[in-house]
file work_39.cif (mmCIF, C-alpha atoms and all ligand atoms)
data_protein
#
loop_
_atom_site.group_PDB
_atom_site.id
_atom_site.type_symbol
_atom_site.label_atom_id
_atom_site.label_comp_id
_atom_site.auth_asym_id
_atom_site.auth_seq_id
_atom_site.Cartn_x
_atom_site.Cartn_y
_atom_site.Cartn_z
ATOM 1 C CA MET A 1 77.040 122.474 92.559
ATOM 2 C CA PRO A 2 78.076 118.980 91.329
ATOM 3 C CA ARG A 3 79.982 116.790 93.775
ATOM 4 C CA GLY A 4 83.736 117.011 93.373
ATOM 5 C CA LEU A 5 85.894 114.118 92.302
ATOM 6 C CA PHE A 6 87.277 111.777 94.943
ATOM 7 C CA ILE A 7 90.442 109.940 93.872
ATOM 8 C CA THR A 8 92.373 107.607 96.169
ATOM 9 C CA LEU A 9 95.844 106.131 95.775
ATOM 10 C CA GLU A 10 96.457 102.731 97.245
ATOM 11 C CA GLY A 11 99.242 100.198 97.338
ATOM 12 C CA LEU A 12 101.925 98.415 99.262
ATOM 13 C CA ASP A 13 104.477 100.313 101.287
ATOM 14 C CA GLY A 14 107.280 101.091 98.839
ATOM 15 C CA SER A 15 104.979 101.077 95.812
ATOM 16 C CA GLY A 16 105.867 104.669 94.958
ATOM 17 C CA LYS A 17 102.467 106.112 95.888
ATOM 18 C CA THR A 18 103.818 109.308 97.365
ATOM 19 C CA THR A 19 105.925 110.138 94.307
ATOM 20 C CA GLN A 20 102.962 109.379 92.081
ATOM 21 C CA ILE A 21 100.442 111.443 94.012
ATOM 22 C CA LYS A 22 102.765 114.448 93.825
ATOM 23 C CA ARG A 23 103.193 113.986 90.077
ATOM 24 C CA LEU A 24 99.461 113.579 89.601
ATOM 25 C CA ALA A 25 98.809 116.748 91.607
ATOM 26 C CA ALA A 26 101.350 118.627 89.493
ATOM 27 C CA TRP A 27 99.725 117.337 86.307
ATOM 28 C CA LEU A 28 96.256 118.397 87.492
ATOM 29 C CA LYS A 29 97.596 121.729 88.583
ATOM 30 C CA GLU A 30 99.222 122.370 85.216
ATOM 31 C CA ARG A 31 96.076 121.425 83.317
ATOM 32 C CA GLY A 32 93.825 123.252 85.714
ATOM 33 C CA ASN A 33 95.802 126.470 85.530
ATOM 34 C CA ALA A 34 95.946 126.117 81.741
ATOM 35 C CA SER A 35 92.174 125.927 81.666
ATOM 36 C CA GLN A 36 91.817 129.292 83.395
ATOM 37 C CA PRO A 37 91.171 132.419 81.321
ATOM 38 C CA LYS A 38 94.526 133.727 80.121
ATOM 39 C CA GLU A 39 96.088 136.867 78.820
ATOM 40 C CA PRO A 40 95.300 137.020 75.101
ATOM 41 C CA GLY A 41 97.921 135.157 73.097
ATOM 42 C CA ALA A 42 99.487 133.380 76.083
ATOM 43 C CA PRO A 43 100.395 129.818 75.125
ATOM 44 C CA GLY A 44 99.518 126.880 77.333
ATOM 45 C CA PRO A 45 99.183 123.132 77.302
ATOM 46 C CA SER A 46 95.897 121.571 76.319
ATOM 47 C CA PRO A 47 93.688 121.019 79.352
ATOM 48 C CA LEU A 48 93.528 117.275 79.040
ATOM 49 C CA GLY A 49 96.591 116.362 77.040
ATOM 50 C CA THR A 50 98.366 113.297 78.337
ATOM 51 C CA GLY A 51 101.658 114.080 76.636
ATOM 52 C CA ASP A 52 103.178 114.837 79.993
ATOM 53 C CA ARG A 53 106.831 115.158 79.044
ATOM 54 C CA GLN A 54 107.757 118.183 81.130
ATOM 55 C CA PRO A 55 105.245 118.798 83.863
ATOM 56 C CA VAL A 56 105.842 122.031 85.692
ATOM 57 C CA GLY A 57 106.396 122.368 89.381
ATOM 58 C CA ILE A 58 106.739 118.710 90.179
ATOM 59 C CA PRO A 59 108.354 118.407 93.551
ATOM 60 C CA GLY A 60 110.914 115.611 93.611
ATOM 61 C CA PRO A 61 110.481 112.959 96.277
ATOM 62 C CA ASP A 62 112.856 114.765 98.607
ATOM 63 C CA SER A 63 112.289 118.379 97.663
ATOM 64 C CA GLY A 64 110.952 120.387 100.545
ATOM 65 C CA PRO A 65 108.110 119.679 102.906
ATOM 66 C CA SER A 66 105.511 117.299 101.563
ATOM 67 C CA PRO A 67 101.978 118.583 101.078
ATOM 68 C CA LEU A 68 101.010 115.264 102.586
ATOM 69 C CA GLY A 69 103.432 115.536 105.448
ATOM 70 C CA THR A 70 102.709 116.097 109.076
ATOM 71 C CA GLY A 71 103.945 119.653 108.895
ATOM 72 C CA ASP A 72 101.104 120.520 106.568
ATOM 73 C CA ARG A 73 98.355 122.108 108.540
ATOM 74 C CA GLN A 74 96.726 123.464 105.415
ATOM 75 C CA PRO A 75 94.998 120.726 103.503
ATOM 76 C CA ALA A 76 93.582 123.195 101.016
ATOM 77 C CA GLY A 77 95.971 123.493 98.111
ATOM 78 C CA ILE A 78 99.563 122.640 97.482
ATOM 79 C CA PRO A 79 101.872 125.367 98.663
ATOM 80 C CA GLY A 80 104.744 126.256 96.380
ATOM 81 C CA PRO A 81 106.270 129.141 94.535
ATOM 82 C CA ASP A 82 104.215 128.393 91.389
ATOM 83 C CA SER A 83 100.917 127.998 93.229
ATOM 84 C CA GLY A 84 98.220 129.042 90.823
ATOM 85 C CA ALA A 85 94.717 130.257 91.299
ATOM 86 C CA TRP A 86 93.177 127.047 90.040
ATOM 87 C CA GLU A 87 94.620 124.676 92.619
ATOM 88 C CA LYS A 88 93.608 126.834 95.577
ATOM 89 C CA LYS A 89 89.996 126.616 94.496
ATOM 90 C CA ASN A 90 89.953 123.103 93.118
ATOM 91 C CA LEU A 91 92.447 120.676 94.605
ATOM 92 C CA ILE A 92 92.970 119.064 97.989
ATOM 93 C CA LEU A 93 95.675 116.572 98.951
ATOM 94 C CA ILE A 94 95.396 114.509 102.050
ATOM 95 C CA ARG A 95 96.938 111.313 103.407
ATOM 96 C CA GLN A 96 95.829 108.652 105.826
ATOM 97 C CA PRO A 97 96.538 108.146 108.561
ATOM 98 C CA GLY A 98 97.003 111.884 109.204
ATOM 99 C CA GLY A 99 95.934 114.942 107.261
ATOM 100 C CA THR A 100 94.198 116.762 110.120
ATOM 101 C CA ALA A 101 95.597 117.932 113.454
ATOM 102 C CA THR A 102 93.750 115.127 115.255
ATOM 103 C CA GLY A 103 94.721 112.677 112.528
ATOM 104 C CA ASP A 104 98.409 113.522 112.884
ATOM 105 C CA ARG A 105 98.228 112.638 116.571
ATOM 106 C CA ILE A 106 96.500 109.368 115.747
ATOM 107 C CA ARG A 107 99.136 108.745 113.083
ATOM 108 C CA SER A 108 102.019 108.930 115.536
ATOM 109 C CA LEU A 109 100.258 106.469 117.823
ATOM 110 C CA LEU A 110 99.678 104.089 114.940
ATOM 111 C CA LEU A 111 103.044 104.151 113.208
ATOM 112 C CA ASP A 112 105.478 104.497 116.098
ATOM 113 C CA SER A 113 107.344 101.249 116.744
ATOM 114 C CA ARG A 114 106.716 101.767 120.463
ATOM 115 C CA SER A 115 103.044 100.961 119.787
ATOM 116 C CA ALA A 116 104.025 97.352 119.051
ATOM 117 C CA ALA A 117 101.545 96.091 121.634
ATOM 118 C CA LEU A 118 98.581 97.753 119.940
ATOM 119 C CA ALA A 119 95.790 95.191 119.595
ATOM 120 C CA PRO A 120 94.660 94.612 115.978
ATOM 121 C CA MET A 121 91.111 95.755 116.807
ATOM 122 C CA ALA A 122 92.449 98.925 118.442
ATOM 123 C CA GLU A 123 94.602 99.526 115.386
ATOM 124 C CA MET A 124 91.573 99.186 113.093
ATOM 125 C CA ALA A 125 89.490 101.462 115.324
ATOM 126 C CA LEU A 126 92.208 104.136 115.236
ATOM 127 C CA MET A 127 92.418 103.946 111.435
ATOM 128 C CA PHE A 128 88.688 104.603 111.308
ATOM 129 C CA ALA A 129 88.828 107.349 113.928
ATOM 130 C CA ASP A 130 91.425 109.098 111.778
ATOM 131 C CA ARG A 131 89.323 108.604 108.642
ATOM 132 C CA ALA A 132 86.053 109.781 110.191
ATOM 133 C CA GLN A 133 87.808 112.974 111.289
ATOM 134 C CA ALA A 134 89.357 113.516 107.852
ATOM 135 C CA ILE A 135 86.020 113.004 106.117
ATOM 136 C CA SER A 136 84.219 115.384 108.409
ATOM 137 C CA GLU A 137 86.898 118.065 108.502
ATOM 138 C CA VAL A 138 88.377 117.958 105.003
ATOM 139 C CA ILE A 139 87.097 115.434 102.469
ATOM 140 C CA GLN A 140 83.321 115.872 102.559
ATOM 141 C CA PRO A 141 83.390 119.689 102.675
ATOM 142 C CA ALA A 142 85.818 119.713 99.730
ATOM 143 C CA LEU A 143 83.633 117.357 97.699
ATOM 144 C CA ASP A 144 80.560 119.404 98.540
ATOM 145 C CA ASP A 145 82.492 122.383 97.232
ATOM 146 C CA GLY A 146 83.077 120.613 93.907
ATOM 147 C CA LYS A 147 86.830 120.083 94.476
ATOM 148 C CA ILE A 148 89.088 117.267 93.363
ATOM 149 C CA VAL A 149 90.297 115.372 96.434
ATOM 150 C CA LEU A 150 93.451 113.267 96.130
ATOM 151 C CA CYS A 151 93.743 110.969 99.102
ATOM 152 C CA ASP A 152 96.866 108.904 99.834
ATOM 153 C CA ARG A 153 95.240 105.706 101.245
ATOM 154 C CA PHE A 154 91.627 105.240 102.300
ATOM 155 C CA THR A 155 89.443 102.338 103.422
ATOM 156 C CA ASP A 156 90.975 99.886 100.923
ATOM 157 C CA SER A 157 94.138 100.189 103.047
ATOM 158 C CA THR A 158 92.219 99.145 106.133
ATOM 159 C CA GLU A 159 90.691 96.234 104.273
ATOM 160 C CA ALA A 160 94.103 95.174 102.928
ATOM 161 C CA TYR A 161 96.218 95.731 106.076
ATOM 162 C CA GLN A 162 93.798 95.058 108.935
ATOM 163 C CA GLY A 163 91.294 92.898 107.032
ATOM 164 C CA GLY A 164 93.942 90.925 105.109
ATOM 165 C CA GLY A 165 97.272 91.453 106.867
ATOM 166 C CA ARG A 166 95.914 91.215 110.425
ATOM 167 C CA GLN A 167 93.272 88.722 109.312
ATOM 168 C CA LEU A 168 90.319 90.652 110.756
ATOM 169 C CA GLY A 169 88.380 90.004 107.533
ATOM 170 C CA SER A 170 86.711 92.264 104.999
ATOM 171 C CA ALA A 171 83.215 92.150 106.502
ATOM 172 C CA ALA A 172 84.168 94.051 109.686
ATOM 173 C CA VAL A 173 86.023 96.705 107.706
ATOM 174 C CA LEU A 174 83.181 97.263 105.262
ATOM 175 C CA GLU A 175 80.634 97.444 108.069
ATOM 176 C CA LEU A 176 82.709 99.991 110.014
ATOM 177 C CA HIS A 177 83.119 101.993 106.841
ATOM 178 C CA ARG A 178 79.359 102.010 106.361
ATOM 179 C CA VAL A 179 78.695 103.191 109.921
ATOM 180 C CA LEU A 180 81.638 105.529 110.568
ATOM 181 C CA CYS A 181 82.310 106.914 107.100
ATOM 182 C CA SER A 182 78.744 107.059 105.723
ATOM 183 C CA ASN A 183 79.992 104.522 103.180
ATOM 184 C CA LEU A 184 81.739 107.304 101.246
ATOM 185 C CA GLN A 185 83.197 105.747 98.088
ATOM 186 C CA PRO A 186 85.994 107.095 95.902
ATOM 187 C CA ASP A 187 85.096 107.804 92.274
ATOM 188 C CA LEU A 188 88.435 106.338 91.251
ATOM 189 C CA THR A 189 91.068 104.301 93.060
ATOM 190 C CA LEU A 190 94.556 103.907 91.621
ATOM 191 C CA LEU A 191 96.083 100.752 93.061
ATOM 192 C CA LEU A 192 99.849 100.297 92.698
ATOM 193 C CA LEU A 193 100.975 96.720 93.120
ATOM 194 C CA PRO A 194 104.645 96.192 92.257
ATOM 195 C CA PRO A 195 106.222 92.795 93.001
ATOM 196 C CA LEU A 196 106.235 92.261 96.753
ATOM 197 C CA GLU A 197 110.000 91.801 97.154
ATOM 198 C CA LEU A 198 110.722 95.028 95.313
ATOM 199 C CA ALA A 199 108.208 97.063 97.320
ATOM 200 C CA LEU A 200 109.460 95.744 100.659
ATOM 201 C CA LEU A 201 113.063 96.384 99.799
ATOM 202 C CA ARG A 202 112.267 99.989 98.882
ATOM 203 C CA ALA A 203 110.033 100.614 101.901
ATOM 204 C CA ARG A 204 112.514 99.265 104.443
ATOM 205 C CA ARG A 205 115.416 101.144 102.893
ATOM 206 C CA ARG A 206 113.408 104.378 102.809
ATOM 207 C CA ASN A 207 112.310 104.088 106.409
ATOM 208 C CA ARG A 208 115.801 103.456 107.712
ATOM 209 C CA ARG A 209 116.960 106.518 105.789
ATOM 210 C CA GLU A 210 114.111 108.703 107.064
ATOM 211 C CA SER A 211 114.473 107.584 110.676
ATOM 212 C CA ALA A 212 118.172 108.423 110.550
ATOM 213 C CA LYS A 213 117.396 111.825 109.024
ATOM 214 C CA THR A 214 114.394 112.953 111.061
ATOM 215 C CA GLY A 215 114.701 110.958 114.262
ATOM 216 C CA GLN A 216 111.030 110.032 113.782
ATOM 217 C CA ASP A 217 110.189 106.371 114.001
ATOM 218 C CA GLU A 218 107.308 105.350 111.739
ATOM 219 C CA ASN A 219 108.523 101.824 111.116
ATOM 220 C CA ARG A 220 105.954 99.722 112.915
ATOM 221 C CA PHE A 221 104.355 98.350 109.752
ATOM 222 C CA GLU A 222 107.629 97.844 107.911
ATOM 223 C CA GLN A 223 108.761 95.555 110.717
ATOM 224 C CA GLU A 224 106.006 93.092 109.830
ATOM 225 C CA GLN A 225 106.997 89.768 108.321
ATOM 226 C CA ASP A 226 106.735 89.026 104.615
ATOM 227 C CA ALA A 227 103.710 86.745 105.192
ATOM 228 C CA PHE A 228 101.779 89.772 106.493
ATOM 229 C CA TYR A 229 102.536 91.705 103.313
ATOM 230 C CA ARG A 230 101.646 88.712 101.129
ATOM 231 C CA ARG A 231 98.182 88.782 102.732
ATOM 232 C CA VAL A 232 97.955 92.558 102.237
ATOM 233 C CA ARG A 233 98.806 92.155 98.557
ATOM 234 C CA GLU A 234 96.304 89.333 98.098
ATOM 235 C CA LYS A 235 93.533 91.377 99.689
ATOM 236 C CA TYR A 236 94.313 94.330 97.426
ATOM 237 C CA SER A 237 94.059 92.025 94.389
ATOM 238 C CA GLU A 238 90.756 90.740 95.713
ATOM 239 C CA ILE A 239 89.382 94.303 96.052
ATOM 240 C CA ALA A 240 90.477 95.135 92.485
ATOM 241 C CA ALA A 241 88.722 92.025 91.144
ATOM 242 C CA ARG A 242 85.586 92.802 93.147
ATOM 243 C CA GLU A 243 85.313 96.467 92.084
ATOM 244 C CA PRO A 244 86.703 96.830 88.568
ATOM 245 C CA ALA A 245 84.634 99.947 87.822
ATOM 246 C CA ARG A 246 86.248 101.886 90.679
ATOM 247 C CA VAL A 247 89.723 100.363 90.976
ATOM 248 C CA VAL A 248 92.400 100.731 88.297
ATOM 249 C CA LEU A 249 95.098 98.172 88.993
ATOM 250 C CA ILE A 250 98.653 99.137 88.036
ATOM 251 C CA GLU A 251 100.682 96.026 88.505
ATOM 252 C CA GLY A 252 104.224 94.845 87.802
ATOM 253 C CA ASN A 253 107.726 96.224 87.769
ATOM 254 C CA LEU A 254 107.111 99.512 85.960
ATOM 255 C CA SER A 255 109.164 102.684 85.829
ATOM 256 C CA ILE A 256 107.991 105.839 87.592
ATOM 257 C CA ASP A 257 107.124 107.346 84.188
ATOM 258 C CA GLU A 258 105.156 104.304 83.065
ATOM 259 C CA VAL A 259 103.089 104.334 86.250
ATOM 260 C CA HIS A 260 102.513 108.086 85.902
ATOM 261 C CA GLN A 261 101.299 107.692 82.306
ATOM 262 C CA ARG A 262 98.812 105.016 83.343
ATOM 263 C CA ILE A 263 97.598 107.147 86.215
ATOM 264 C CA ILE A 264 96.973 110.230 84.128
ATOM 265 C CA ALA A 265 95.247 108.178 81.429
ATOM 266 C CA ALA A 266 92.818 106.824 84.050
ATOM 267 C CA VAL A 267 92.299 110.239 85.646
ATOM 268 C CA ALA A 268 91.789 111.985 82.300
ATOM 269 C CA GLU A 269 89.137 109.443 81.432
ATOM 270 C CA ARG A 270 87.269 110.127 84.688
ATOM 271 C CA LEU A 271 87.551 113.873 84.280
ATOM 272 C CA LEU A 272 86.088 113.629 80.807
ATOM 273 C CA ALA A 273 83.345 111.292 82.006
ATOM 274 C CA SER A 274 82.434 113.709 84.784
ATOM 275 C CA GLY A 275 82.294 116.598 82.328
ATOM 276 C CA ARG A 276 85.226 118.451 83.933
ATOM 277 C CA ILE A 277 87.276 118.929 80.816
ATOM 278 C CA GLY A 278 88.560 122.296 81.907
ATOM 279 C CA PHE A 279 88.388 121.414 85.628
ATOM 280 C CA SER A 280 86.168 124.313 86.482
HETATM 281 P P1 LIG A 301 102.991 105.689 105.630
HETATM 282 O O1 LIG A 301 104.302 106.086 106.203
HETATM 283 O O2 LIG A 301 102.017 106.761 105.294
HETATM 284 O O3 LIG A 301 103.261 104.728 104.425
HETATM 285 P P2 LIG A 301 102.994 104.864 102.913
HETATM 286 O O4 LIG A 301 103.834 106.007 102.439
HETATM 287 O O5 LIG A 301 103.412 103.521 102.384
HETATM 288 O O6 LIG A 301 101.505 105.104 102.773
HETATM 289 O O7 LIG A 301 102.355 104.649 106.628
HETATM 290 C C1 LIG A 301 101.093 104.229 106.533
HETATM 291 C C2 LIG A 301 101.090 102.812 107.061
HETATM 292 O O8 LIG A 301 99.830 102.558 107.679
HETATM 293 C C3 LIG A 301 101.278 101.816 105.946
HETATM 294 O O9 LIG A 301 102.153 100.791 106.371
HETATM 295 C C4 LIG A 301 99.892 101.244 105.782
HETATM 296 C C5 LIG A 301 99.270 101.407 107.131
HETATM 297 N N1 LIG A 301 97.797 101.561 107.100
HETATM 298 C C6 LIG A 301 96.996 100.555 107.600
HETATM 299 O O10 LIG A 301 97.503 99.534 108.074
HETATM 300 N N2 LIG A 301 95.634 100.706 107.572
HETATM 301 C C7 LIG A 301 95.039 101.830 107.080
HETATM 302 O O11 LIG A 301 93.794 101.950 107.094
HETATM 303 C C8 LIG A 301 95.874 102.868 106.580
HETATM 304 C C9 LIG A 301 95.279 104.146 106.041
HETATM 305 C C10 LIG A 301 97.262 102.702 106.598
#

call {"tool": "encode", "arguments": {"input": "work_39.cif", "output": "structure tokens", "more": "lines below"}}
Ligand code: TYD
result
Amino acid sequence: MPRGLFITLEGLDGSGKTTQIKRLAAWLKERGNASQPKEPGAPGPSPLGTGDRQPVGIPGPDSGPSPLGTGDRQPAGIPGPDSGAWEKKNLILIRQPGGTATGDRIRSLLLDSRSAALAPMAEMALMFADRAQAISEVIQPALDDGKIVLCDRFTDSTEAYQGGGRQLGSAAVLELHRVLCSNLQPDLTLLLLPPLELALLRARRRNRRESAKTGQDENRFEQEQDAFYRRVREKYSEIAAREPARVVLIEGNLSIDEVHQRIIAAVAERLLASGRIGFS
């Protein structure tokens, strides 16, 4: 069985990652289900078409529980009324921190504003504890099973936020990744880097709204100063320049549709390169 395809989404808070990962999942799902054997004569979109005008089943940013959310104890598949056979067998969505029961507990420690006194090294160690668990419990088994794994943040986040933002440096992050994560590398990383001011404005507005709605406080990172986020952004740019074969940089003030089109173009190219035209 060939290894699955490991795709990560990265970017600043407020870069629109979560919206984009849902749209990408919907696009994959539509193409994947279209590639399955059909009733004779049933029409369907071409498996790899990028003319994604009307993707089916795309959950809006606020529609129902997120497959990446803490309430999701079932990493396998994206629940929904139009769940098809393809996605159950072929697609996994996961986010970091979180994505496993242990990871969700680590996530609340990490993101709660009451953890303000968390030492930077402890923060980095917790990010890796969460990741090691996710790899062991979800990511590696799914890849071994030939699935497509979409992961909302991975080690590039640790390099950008702890390595860059907290100034712990890249070397420590890469070494920990080698030891704790068996140096598992994504096949493709989609890096969203809108202008800093725009991303911060969106992230802070969103978090105030969500805290008011859910009573949950996940604002610890958003309370950081702009200088922190400038360092995060710089480190992300550095990673993209260092690893152009893996990282597709999507930069600038683009619309949601423009970003989506660039994402599916990059993903389609990888799917073709890996010989998964019909995703099966
Ligand atoms: P989250 O609410 O998931 O934000 P987003 O939707 O922007 O991904 O919070 C994740 C926060 O954790 C985000 O501010 C980035 C930070 N983070 C790190 O600092 N290091 C890491 O290794 C990871 C995975 C996330």

call {"tool": "closest_residue", "arguments": {"input": "work_39.cif", "among": "A:Ile239, A:Ala273, A:Met127, A:Val267", "to": "Ala160 of chain A", "atoms": "all atoms listed in the file"}}
result
A:Ile239

call {"tool": "axis_aligned_box", "arguments": {"input": "work_39.cif", "around": "ligand LIG 301 (chain A)", "padding_each_side": "5 Å", "output": "JSON"}}
result
{"center_x": 99.0, "center_y": 103.1, "center_z": 105.2, "size_x": 20.5, "size_y": 17.2, "size_z": 15.7}

call {"tool": "resolve_selection", "arguments": {"input": "work_39.cif", "expression": "the PyMOL selection byres (((not hetatm)) within 6 of (chain A and resi 301))", "output": "PyMOL selection string"}}
result
chain A and resi 13-14+96-97+127+153-155+157-158+161-162+221

call {"tool": "write_last_selection", "arguments": {"input": "work_39.cif", "atoms": "C-alpha atoms", "output": "mmCIF file, in the frame of the given file"}}
result
data_model
loop_
_atom_site.group_PDB
_atom_site.id
_atom_site.type_symbol
_atom_site.label_atom_id
_atom_site.label_comp_id
_atom_site.auth_asym_id
_atom_site.auth_seq_id
_atom_site.Cartn_x
_atom_site.Cartn_y
_atom_site.Cartn_z
ATOM 1 C CA ASP A 13 104.477 100.313 101.287
ATOM 2 C CA GLY A 14 107.280 101.091 98.839
ATOM 3 C CA GLN A 96 95.829 108.652 105.826
ATOM 4 C CA PRO A 97 96.538 108.146 108.561
ATOM 5 C CA MET A 127 92.418 103.946 111.435
ATOM 6 C CA ARG A 153 95.240 105.706 101.245
ATOM 7 C CA PHE A 154 91.627 105.240 102.300
ATOM 8 C CA THR A 155 89.443 102.338 103.422
ATOM 9 C CA SER A 157 94.138 100.189 103.047
ATOM 10 C CA THR A 158 92.219 99.145 106.133
ATOM 11 C CA TYR A 161 96.218 95.731 106.076
ATOM 12 C CA GLN A 162 93.798 95.058 108.935
ATOM 13 C CA PHE A 221 104.355 98.350 109.752
#

call {"tool": "resolve_selection", "arguments": {"input": "work_39.cif", "expression": "the PyMOL selection byres (((chain A and resi 191) around 6) and not hetatm)", "output": "PyMOL selection string"}}
result
chain A and resi 10-11+190+192+249-250

call {"tool": "resolve_selection", "arguments": {"input": "work_39.cif", "expression": "the PyMOL selection byres (((chain A and resi 196) around 9) and not hetatm)", "output": "list in words"}}
result
Leu12, Ser15, Leu193, Pro194, Pro195, Glu197, Leu198, Ala199, Leu200, Leu201, Asp226, Tyr229, Arg230 and Arg233 of chain A

call {"tool": "write_last_selection", "arguments": {"input": "work_39.cif", "atoms": "C-alpha atoms", "output": "PDB file, in the frame of the given file"}}
result
ATOM      1  CA  LEU A  12     101.925  98.415  99.262  1.00  0.00           C
ATOM      2  CA  SER A  15     104.979 101.077  95.812  1.00  0.00           C
ATOM      3  CA  LEU A 193     100.975  96.720  93.120  1.00  0.00           C
ATOM      4  CA  PRO A 194     104.645  96.192  92.257  1.00  0.00           C
ATOM      5  CA  PRO A 195     106.222  92.795  93.001  1.00  0.00           C
ATOM      6  CA  GLU A 197     110.000  91.801  97.154  1.00  0.00           C
ATOM      7  CA  LEU A 198     110.722  95.028  95.313  1.00  0.00           C
ATOM      8  CA  ALA A 199     108.208  97.063  97.320  1.00  0.00           C
ATOM      9  CA  LEU A 200     109.460  95.744 100.659  1.00  0.00           C
ATOM     10  CA  LEU A 201     113.063  96.384  99.799  1.00  0.00           C
ATOM     11  CA  ASP A 226     106.735  89.026 104.615  1.00  0.00           C
ATOM     12  CA  TYR A 229     102.536  91.705 103.313  1.00  0.00           C
ATOM     13  CA  ARG A 230     101.646  88.712 101.129  1.00  0.00           C
ATOM     14  CA  ARG A 233      98.806  92.155  98.557  1.00  0.00           C
TER      15      ARG A 233
END

call {"tool": "closest_residue", "arguments": {"input": "work_39.cif", "among": "A:Val149, A:Ile135, A:Leu5, A:Met124", "to": "Leu184 of chain A", "atoms": "only C-alpha atoms"}}
result
A:Ile135

call {"tool": "atom_distance", "arguments": {"input": "work_39.cif", "atom1": "atom CA of Ala203 of chain A", "atom2": "atom CA of Glu222 of chain A"}}
result
7.0 Å

call {"tool": "atom_distance", "arguments": {"input": "work_39.cif", "atom1": "atom CA of Gly16 of chain A", "atom2": "atom CA of Arg202 of chain A"}}
result
8.8 Å

call {"tool": "atom_distance", "arguments": {"input": "work_39.cif", "atom1": "atom CA of Pro120 of chain A", "atom2": "atom CA of Asn183 of chain A"}}
result
21.8 Å

call {"tool": "residues_near_point", "arguments": {"input": "work_39.cif", "point": "(94.3, 117.1, 113.2)", "cutoff": "9 Å", "atoms": "all atoms listed in the file", "output": "ChimeraX atom specification"}}
result
/A:73,98-106,130,133-134,137

call {"tool": "closest_residue", "arguments": {"input": "work_39.cif", "among": "A:Ser274, A:Glu210, A:Ile7, A:Gln216", "to": "Ile94 of chain A", "atoms": "all atoms listed in the file"}}
result
A:Ile7

call {"tool": "closest_residue", "arguments": {"input": "work_39.cif", "among": "A:Gln36, A:Ser211, A:Gln225, A:Thr189", "to": "Thr8 of chain A", "atoms": "all atoms listed in the file"}}
result
A:Thr189

call {"tool": "closest_residue", "arguments": {"input": "work_39.cif", "among": "A:Arg276, A:Arg31, A:Gly4, A:Lys22", "to": "Ile256 of chain A", "atoms": "only C-alpha atoms"}}
result
A:Lys22

call {"tool": "closest_residue", "arguments": {"input": "work_39.cif", "among": "A:Gly32, A:Asp112, A:Ala117, A:His260", "to": "Gly215 of chain A", "atoms": "all atoms listed in the file"}}
result
A:Asp112

call {"tool": "residues_around", "arguments": {"input": "work_39.cif", "residues": "Ala245 of chain A", "least_positions_apart": "4", "cutoff": "10 Å", "atoms": "all atoms listed in the file", "output": "PyMOL selection string"}}
result
chain A and resi 187-189+240-241

call {"tool": "residues_near_point", "arguments": {"input": "work_39.cif", "point": "(82.6, 114.8, 94.1)", "cutoff": "10 Å", "atoms": "all atoms listed in the file", "output": "NGL selection string"}}
result
:A and (1-7 or 139-149 or 185-187 or 274)

call {"tool": "build_atoms", "arguments": {"input": "work_39.cif", "residues": "segment 210-220 of chain A", "atoms": "N, CA and C atoms", "output": "tab-separated table (two decimals), in the frame of the given file"}}
result
chain	number	residue	atom	x	y	z
A	210	GLU	N	114.89	107.60	106.47
A	210	GLU	CA	114.11	108.70	107.06
A	210	GLU	C	114.26	108.76	108.57
A	211	SER	N	114.30	107.58	109.22
A	211	SER	CA	114.47	107.58	110.68
A	211	SER	C	115.81	108.22	111.04
A	212	ALA	N	116.84	107.87	110.26
A	212	ALA	CA	118.17	108.42	110.55
A	212	ALA	C	118.16	109.94	110.35
A	213	LYS	N	117.41	110.39	109.36
A	213	LYS	CA	117.40	111.82	109.02
A	213	LYS	C	116.54	112.64	110.00
A	214	THR	N	115.35	112.13	110.32
A	214	THR	CA	114.39	112.95	111.06
A	214	THR	C	114.31	112.58	112.54
A	215	GLY	N	114.82	111.40	112.87
A	215	GLY	CA	114.70	110.96	114.26
A	215	GLY	C	113.30	110.43	114.56
A	216	GLN	N	112.39	110.55	113.58
A	216	GLN	CA	111.03	110.03	113.78
A	216	GLN	C	111.01	108.55	113.46
A	217	ASP	N	110.25	107.80	114.23
A	217	ASP	CA	110.19	106.37	114.00
A	217	ASP	C	108.78	105.99	113.55
A	218	GLU	N	108.63	105.74	112.26
A	218	GLU	CA	107.31	105.35	111.74
A	218	GLU	C	107.42	103.96	111.11
A	219	ASN	N	108.18	103.09	111.76
A	219	ASN	CA	108.52	101.82	111.12
A	219	ASN	C	107.68	100.64	111.54
A	220	ARG	N	106.63	100.88	112.34
A	220	ARG	CA	105.95	99.72	112.92
A	220	ARG	C	105.46	98.75	111.85
